[in-house]
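> Just one file: my_file_13.cif, with mmCIF, C-alpha atoms.
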```
data_run
#
loop_
_atom_site.label_atom_id
_atom_site.label_comp_id
_atom_site.auth_asym_id
_atom_site.auth_seq_id
_atom_site.Cartn_x
_atom_site.Cartn_y
_atom_site.Cartn_z
CA MET V 1 112.44 96.31 72.15
CA THR V 2 110.03 98.59 74.00
CA ASP V 3 107.22 97.40 71.73
CA ASP V 4 108.21 93.87 72.57
CA ILE V 5 107.97 94.58 76.29
CA GLN V 6 104.67 96.39 75.76
CA SER V 7 103.19 93.42 73.89
CA ARG V 8 104.28 91.09 76.71
CA LEU V 9 102.71 93.48 79.23
CA ASP V 10 99.48 93.61 77.22
CA SER V 11 99.31 89.84 77.05
CA ILE V 12 99.82 89.43 80.80
CA ALA V 13 97.63 92.40 81.84
CA PRO V 14 94.43 90.35 82.38
CA LEU V 15 96.29 88.16 84.90
CA ILE V 16 97.57 91.02 87.00
CA VAL V 17 94.40 91.22 89.06
CA ASP V 18 92.66 87.97 88.12
CA GLY V 19 95.82 85.94 88.81
CA SER V 20 96.02 87.23 92.39
CA PRO V 21 93.22 86.12 94.73
CA HIS V 22 93.96 88.89 97.25
CA ALA V 23 93.81 91.58 94.54
CA VAL V 24 90.47 90.12 93.41
CA ALA V 25 89.17 90.07 97.01
CA LEU V 26 90.03 93.75 97.43
CA GLY V 27 88.49 94.61 94.06
CA LEU V 28 91.69 96.12 92.64
CA SER V 29 91.79 97.05 88.96
CA LEU V 30 94.60 97.65 86.49
CA LYS V 31 94.33 101.01 84.71
CA ALA V 32 97.61 101.19 82.80
CA LEU V 33 100.74 99.08 82.41
CA THR V 34 103.66 100.34 80.34
CA PRO V 35 107.41 99.63 80.58
CA GLY V 36 108.39 100.68 84.11
CA ARG V 37 105.00 102.10 85.06
CA ALA V 38 101.77 100.73 86.55
CA VAL V 39 98.51 102.45 87.51
CA MET V 40 96.02 100.54 89.66
CA GLY V 41 92.77 101.40 91.38
CA ALA V 42 90.90 100.37 94.53
CA ARG V 43 87.17 101.06 94.61
CA TYR V 44 85.67 102.52 97.75
CA ASP V 45 83.65 99.80 99.41
CA GLU V 46 82.04 99.69 102.84
CA SER V 47 83.54 96.25 103.44
CA LEU V 48 87.04 97.83 103.28
CA VAL V 49 86.41 100.45 105.98
CA GLY V 50 88.90 100.50 108.87
CA ASP V 51 87.38 103.23 111.03
CA PRO V 52 83.58 102.77 111.11
CA ASP V 53 82.98 106.21 112.72
CA ALA V 54 84.94 108.10 110.06
CA GLY V 55 84.04 105.75 107.20
CA THR V 56 87.61 105.80 105.91
CA LEU V 57 89.31 102.91 104.11
CA HIS V 58 91.67 100.81 106.24
CA GLY V 59 95.36 101.64 105.82
CA GLY V 60 95.84 97.99 104.87
CA VAL V 61 93.86 98.50 101.67
CA ILE V 62 96.21 101.32 100.67
CA THR V 63 99.17 99.11 101.66
CA ALA V 64 97.98 96.24 99.44
CA LEU V 65 97.15 98.59 96.55
CA LEU V 66 100.58 100.25 96.74
CA ASP V 67 102.37 96.91 97.09
CA HIS V 68 100.57 95.50 94.06
CA ALA V 69 101.09 98.60 91.91
CA CYS V 70 104.78 98.83 92.90
CA GLY V 71 105.25 95.12 92.17
CA MET V 72 103.74 95.53 88.72
CA ALA V 73 105.91 98.58 87.97
CA ALA V 74 108.95 96.52 89.01
CA PHE V 75 107.75 93.63 86.83
CA ALA V 76 107.37 96.04 83.91
CA GLY V 77 110.75 97.57 84.79
CA PHE V 78 112.41 94.15 84.63
CA GLY V 79 111.21 93.84 81.03
CA ALA V 80 108.06 91.84 81.90
CA LYS V 81 109.98 88.59 82.32
CA ASP V 82 110.23 87.73 86.01
CA THR V 83 107.75 88.25 88.83
CA PRO V 84 109.62 90.12 91.55
CA ALA V 85 109.24 89.63 95.31
CA THR V 86 108.95 92.66 97.63
CA LEU V 87 112.12 93.30 99.65
CA ASP V 88 110.77 96.28 101.52
CA LEU V 89 107.94 98.76 101.31
CA ARG V 90 107.88 102.12 103.08
CA ILE V 91 104.65 104.10 103.18
CA ASP V 92 103.86 107.60 104.44
CA TYR V 93 100.14 108.03 105.13
CA LEU V 94 99.74 111.74 104.37
CA ARG V 95 96.02 111.85 105.11
CA PRO V 96 93.03 109.48 105.22
CA ALA V 97 91.34 108.83 101.87
CA ARG V 98 87.96 110.59 101.76
CA PRO V 99 85.00 108.28 102.43
CA GLY V 100 83.22 107.29 99.23
CA LEU V 101 86.14 108.03 96.90
CA ASP V 102 88.10 105.44 94.91
CA VAL V 103 91.87 105.41 95.34
CA THR V 104 94.38 105.29 92.48
CA ALA V 105 98.02 104.27 92.83
CA GLU V 106 100.60 105.32 90.24
CA ALA V 107 103.93 103.49 90.49
CA SER V 108 107.16 104.08 88.55
CA CYS V 109 110.21 101.90 88.42
CA LEU V 110 113.11 104.33 88.90
CA LYS V 111 115.86 101.82 88.25
CA SER V 112 116.24 98.13 87.68
CA HIS V 113 119.48 96.29 87.19
CA GLY V 114 120.22 92.62 87.44
CA LEU V 115 118.16 91.37 90.33
CA VAL V 116 116.90 94.52 92.08
CA ALA V 117 114.36 97.18 91.10
CA PHE V 118 113.59 100.46 92.88
CA VAL V 119 110.05 101.80 92.72
CA ARG V 120 108.27 104.94 93.88
CA ALA V 121 104.50 105.34 94.06
CA THR V 122 101.76 107.81 94.92
CA ALA V 123 98.19 107.04 95.96
CA HIS V 124 95.46 109.67 95.58
CA ASP V 125 91.67 109.87 95.72
CA GLY V 126 91.13 112.04 92.65
CA ASP V 127 93.77 114.76 92.67
CA PRO V 128 97.30 113.47 91.99
CA ASP V 129 98.68 116.69 93.53
CA ASP V 130 96.98 115.96 96.85
CA PRO V 131 98.08 112.36 97.57
CA VAL V 132 96.79 110.23 100.44
CA ALA V 133 100.01 108.22 100.61
CA ILE V 134 103.45 107.96 99.07
CA ALA V 135 105.55 104.82 98.94
CA GLN V 136 109.02 103.66 98.09
CA ALA V 137 109.85 100.00 97.59
CA ALA V 138 112.58 97.63 96.47
CA PHE V 139 111.94 94.37 94.64
CA MET V 140 114.08 91.41 93.84
CA ILE V 141 114.01 88.46 91.47
CA THR V 142 114.19 85.37 93.67
CA LYS V 143 114.47 81.68 92.86
CA ALA V 144 110.85 81.17 93.96
CA SER V 145 109.65 84.04 91.75
CA LYS V 146 111.60 82.73 88.75
CA ALA V 147 110.09 79.25 89.16
CA ALA V 148 106.58 80.70 89.55
CA GLN V 149 107.02 82.79 86.41
CA GLU V 150 108.05 79.71 84.49
CA ARG V 151 104.92 77.87 85.65
CA ALA V 152 102.77 80.91 84.74
CA ARG V 153 104.28 81.04 81.26
CA ARG V 154 103.63 77.35 80.74
CA ALA V 155 100.04 77.61 82.04
CA TYR V 156 99.46 80.62 79.79
CA THR V 157 100.82 78.95 76.65
CA GLU V 158 98.92 75.74 77.34
CA GLY V 159 95.75 77.75 77.93
CA ARG V 160 96.19 79.45 74.57
CA MET V 161 96.69 76.18 72.74
CA GLU V 162 93.44 74.65 74.05
CA MET C 1 93.75 99.27 127.77
CA ASN C 2 90.51 100.19 126.03
CA PRO C 3 88.32 97.13 125.43
CA VAL C 4 85.66 99.12 123.56
CA LEU C 5 88.10 100.58 121.03
CA LEU C 6 89.89 97.26 120.65
CA GLU C 7 86.51 95.76 119.81
CA THR C 8 85.79 98.62 117.38
CA LEU C 9 89.10 97.94 115.63
CA MET C 10 88.53 94.20 115.37
CA ALA C 11 84.90 94.62 114.27
CA ALA C 12 85.74 97.17 111.53
CA PRO C 13 84.45 95.73 108.24
CA TYR C 14 87.90 95.35 106.68
CA VAL C 15 89.50 93.77 109.78
CA ALA C 16 86.56 91.39 110.37
CA ARG C 17 86.57 90.29 106.75
CA PHE C 18 90.30 89.75 106.86
CA GLY C 19 89.77 87.17 109.62
CA VAL C 20 92.41 88.42 112.08
CA ARG C 21 92.14 87.04 115.65
CA LEU C 22 93.85 88.21 118.80
CA ASP C 23 95.24 85.71 121.26
CA ARG C 24 95.68 87.44 124.63
CA ARG C 25 97.51 86.00 127.62
CA GLY C 26 97.66 88.61 130.36
CA ASN C 27 99.44 91.60 128.89
CA GLU C 28 100.92 89.56 126.05
CA LEU C 29 99.12 89.77 122.71
CA THR C 30 99.62 87.64 119.60
CA GLY C 31 97.81 88.37 116.35
CA VAL C 32 96.72 85.35 114.32
CA LEU C 33 95.94 85.54 110.62
CA PRO C 34 94.31 82.20 109.75
CA PHE C 35 95.14 81.11 106.22
CA ALA C 36 92.43 81.77 103.65
CA ASP C 37 92.49 81.52 99.86
CA HIS C 38 91.69 85.23 99.45
CA LEU C 39 94.99 86.16 101.14
CA VAL C 40 97.10 84.58 98.40
CA GLY C 41 99.00 87.05 96.23
CA ASN C 42 100.64 84.64 93.82
CA PRO C 43 98.95 81.23 93.59
CA LEU C 44 101.88 79.80 91.61
CA ILE C 45 104.44 79.99 94.44
CA PRO C 46 102.02 79.95 96.42
CA ALA C 47 102.69 82.94 98.66
CA LEU C 48 100.51 85.31 100.65
CA HIS C 49 100.09 88.81 99.21
CA GLY C 50 102.71 91.25 100.52
CA GLY C 51 99.93 93.76 101.04
CA ALA C 52 97.93 91.26 103.12
CA VAL C 53 100.94 90.56 105.34
CA GLY C 54 101.60 94.32 105.65
CA ALA C 55 97.96 95.00 106.55
CA PHE C 56 98.04 92.23 109.18
CA LEU C 57 101.16 93.77 110.76
CA GLU C 58 99.43 97.19 110.84
CA ILE C 59 96.36 95.69 112.54
CA VAL C 60 98.53 93.96 115.18
CA ALA C 61 100.40 97.24 115.78
CA SER C 62 97.13 99.13 116.37
CA ALA C 63 95.69 96.35 118.54
CA SER C 64 98.84 96.24 120.68
CA LEU C 65 98.68 100.00 121.24
CA LEU C 66 95.03 99.73 122.28
CA ALA C 67 95.79 96.78 124.54
CA SER C 68 98.72 98.46 126.27
CA GLN C 69 97.13 101.75 127.37
CA PRO C 70 93.87 103.72 127.53
CA LEU C 71 93.39 105.65 124.28
CA GLU C 72 90.49 107.86 123.24
CA ARG C 73 90.63 107.10 119.53
CA LEU C 74 91.90 104.42 117.19
CA PRO C 75 95.63 104.86 116.45
CA LYS C 76 96.27 106.37 113.01
CA PRO C 77 99.29 105.20 111.02
CA ILE C 78 101.75 108.01 110.15
CA ASP C 79 104.29 105.85 108.36
CA VAL C 80 105.27 102.20 108.15
CA ALA C 81 108.33 100.42 106.83
CA ILE C 82 107.79 96.75 106.05
CA ASP C 83 110.65 94.32 105.41
CA TYR C 84 109.83 91.04 103.70
CA LEU C 85 112.32 88.48 104.94
CA ARG C 86 110.95 85.20 103.59
CA PRO C 87 108.04 84.25 101.34
CA ALA C 88 104.90 83.93 103.51
CA ARG C 89 103.61 80.45 102.66
CA ALA C 90 99.98 79.38 102.31
CA GLN C 91 99.45 78.82 106.03
CA ASP C 92 98.61 80.78 109.22
CA VAL C 93 100.70 83.82 110.16
CA TYR C 94 101.36 85.03 113.71
CA ALA C 95 102.63 88.41 114.86
CA ARG C 96 103.70 90.15 118.05
CA ALA C 97 104.34 93.84 118.57
CA VAL C 98 106.71 95.73 120.82
CA VAL C 99 105.75 99.31 121.64
CA ALA C 100 109.20 100.90 121.59
CA ARG C 101 107.95 104.25 122.81
CA SER C 102 104.53 105.64 123.49
CA GLY C 103 104.40 109.39 124.04
CA ARG C 104 101.55 111.87 124.33
CA ARG C 105 100.92 112.02 120.59
CA VAL C 106 103.08 109.50 118.79
CA ALA C 107 103.86 105.85 119.38
CA ASN C 108 106.75 103.95 117.83
CA VAL C 109 105.95 100.27 117.26
CA ARG C 110 107.82 97.25 115.92
CA VAL C 111 105.99 94.11 114.82
CA GLU C 112 107.40 90.75 113.81
CA ALA C 113 105.46 88.08 111.89
CA TRP C 114 106.33 84.39 111.67
CA GLN C 115 104.86 81.11 110.49
CA ASN C 116 106.59 77.85 111.44
CA ARG C 117 109.33 79.20 113.67
CA ILE C 118 109.29 82.35 115.75
CA ASP C 119 113.05 82.72 115.14
CA ALA C 120 112.50 82.70 111.36
CA PRO C 121 110.33 85.81 110.84
CA VAL C 122 108.63 86.24 107.45
CA ALA C 123 108.16 90.00 107.76
CA THR C 124 108.74 92.90 110.15
CA LEU C 125 107.09 96.29 110.42
CA HIS C 126 108.39 99.44 112.02
CA GLY C 127 105.90 102.27 112.21
CA HIS C 128 104.78 105.48 113.84
CA PHE C 129 101.17 105.96 114.89
CA LEU C 130 99.27 109.06 115.99
CA ILE C 131 97.62 108.32 119.32
CA THR C 132 95.28 110.14 121.70
CA PRO C 133 95.95 108.93 125.28
CA ALA C 134 92.89 109.13 127.55
CA GLN C 135 92.83 112.27 129.71
CA GLY C 136 94.46 111.79 133.07
CA SER C 137 96.31 108.64 132.09
CA SER C 138 100.00 108.74 132.85
CA GLU C 139 102.44 108.25 130.03
CA ALA C 140 102.33 104.50 129.60
CA LEU C 141 105.39 102.27 129.43
#
```
Once more with this new file: its structure as structure tokens, please.


Amino acid sequence: MTDDIQSRLDSIAPLIVDGSPHAVALGLSLKALTPGRAVMGARYDESLVGDPDAGTLHGGVITALLDHACGMAAFAGFGAKDTPATLDLRIDYLRPARPGLDVTAEASCLKSHGLVAFVRATAHDGDPDDPVAIAQAAFMITKASKAAQERARRAYTEGRME
Amino acid sequence: MNPVLLETLMAAPYVARFGVRLDRRGNELTGVLPFADHLVGNPLIPALHGGAVGAFLEIVASASLLASQPLERLPKPIDVAIDYLRPARAQDVYARAVVARSGRRVANVRVEAWQNRIDAPVATLHGHFLITPAQGSSEAL
């Protein structure tokens, strides 16, 4: 069963960034995706700076990275079937990310049952024990997300048949 | 109100690239996020990326703090809680902030974002920001 989920995750992995224009625009990357867990990265880039004097990344970049990583962990926690929608996302910004360093977000799905998944995540710029931000989020399978997943599955199968 | 810092915030590479505009009428400020393809999170719904909506709300919170009182530095987010109430569709998003309390170090801000109807918000943010009020300025609000 776990292998089954893992093979679904592996098959969908290339779409996790490439299928999301905003993730592409921010230059996010997927580093690992296993049942209930997702690791994603954001490269330091001058075009993502929020405070030009300090040279630090904008909080919004961390927000988007954490949201995406948490969403993927929830997706993986739901058995890689339905794309969940974010219900809420709470972030503590512990310190600014150091200028020049890439940021990594590690998200774990703590629990998923029926329609709701609970996720916790940490973002760090090199040392997981010295995080820049921590996040907690809840996700839900909605009608819109179910329909979108169905379209994605169809597009994916048709793409493979060509 | 600090026009220089407000300009610094809006001209920051990330904010400029994002395309956020501020619509100011007297002391009322509305943030406008014009729709762009790069804001889409899931093209199949299609819906804007939750992170893009969250980032927009954070920018409007900071801009509202800068517009409401003289500050010496850009506000720094301490924590934010974002609620997603409806899918944000592939169209413009608007947001307005209420500064619930602004003290000598910390400000408490609420922001609401909407698309077609102001009474049908797509997302809300509640956050705390570290602020540095300009010397000699009285506690605003």

> Just how far from atom CA of Pro70 of chain C is atom CA of Asn2 of chain C, in Å to one decimal?

5.1 Å

> Write out as a list in words every residue belonging to chain C that has an atom at most 6 Å from any atom of chain V, counting all atoms listed in the file.

Ala12, Pro13, Tyr14, His38, Leu39, Val40, Gly41, Asn42, Leu44, Ile45, Gly51, Ala55, Ile78, Asp79, Val80, Ala81, Ile82, Asp83 and Tyr84 of chain C

> Between atom CA of Thr157 of chain V and atom CA of Ile5 of chain V, what distance in Å does the model show, to one decimal?

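Those two atoms sit 17.2 Å apart.
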
> Measure the distance from atom CA of Leu125 of chain C to atom CA of Arg86 of chain C in Å and round it to one decimal.

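Separation between atom CA of Leu125 of chain C and atom CA of Arg86 of chain C: 13.6 Å.
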
> Looking at C:Val32, C:Gly136, C:Arg73, C:Ile59, which one is nearest to Ala95 of chain C, with distances taken over only C-alpha atoms?

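Smallest separation from Ala95 of chain C among the options: C:Val32.
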
> Residues near Leu6 of chain C, anyone? I mean within 8 Å using only C-alpha atoms, not counting same-chain ones fewer than 2 positions away, as a list of chain:residue names.

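What passes the distance filter is C:Asn2, C:Pro3, C:Val4, C:Thr8, C:Leu9, C:Met10, C:Ala63, C:Leu66, C:Ala67.
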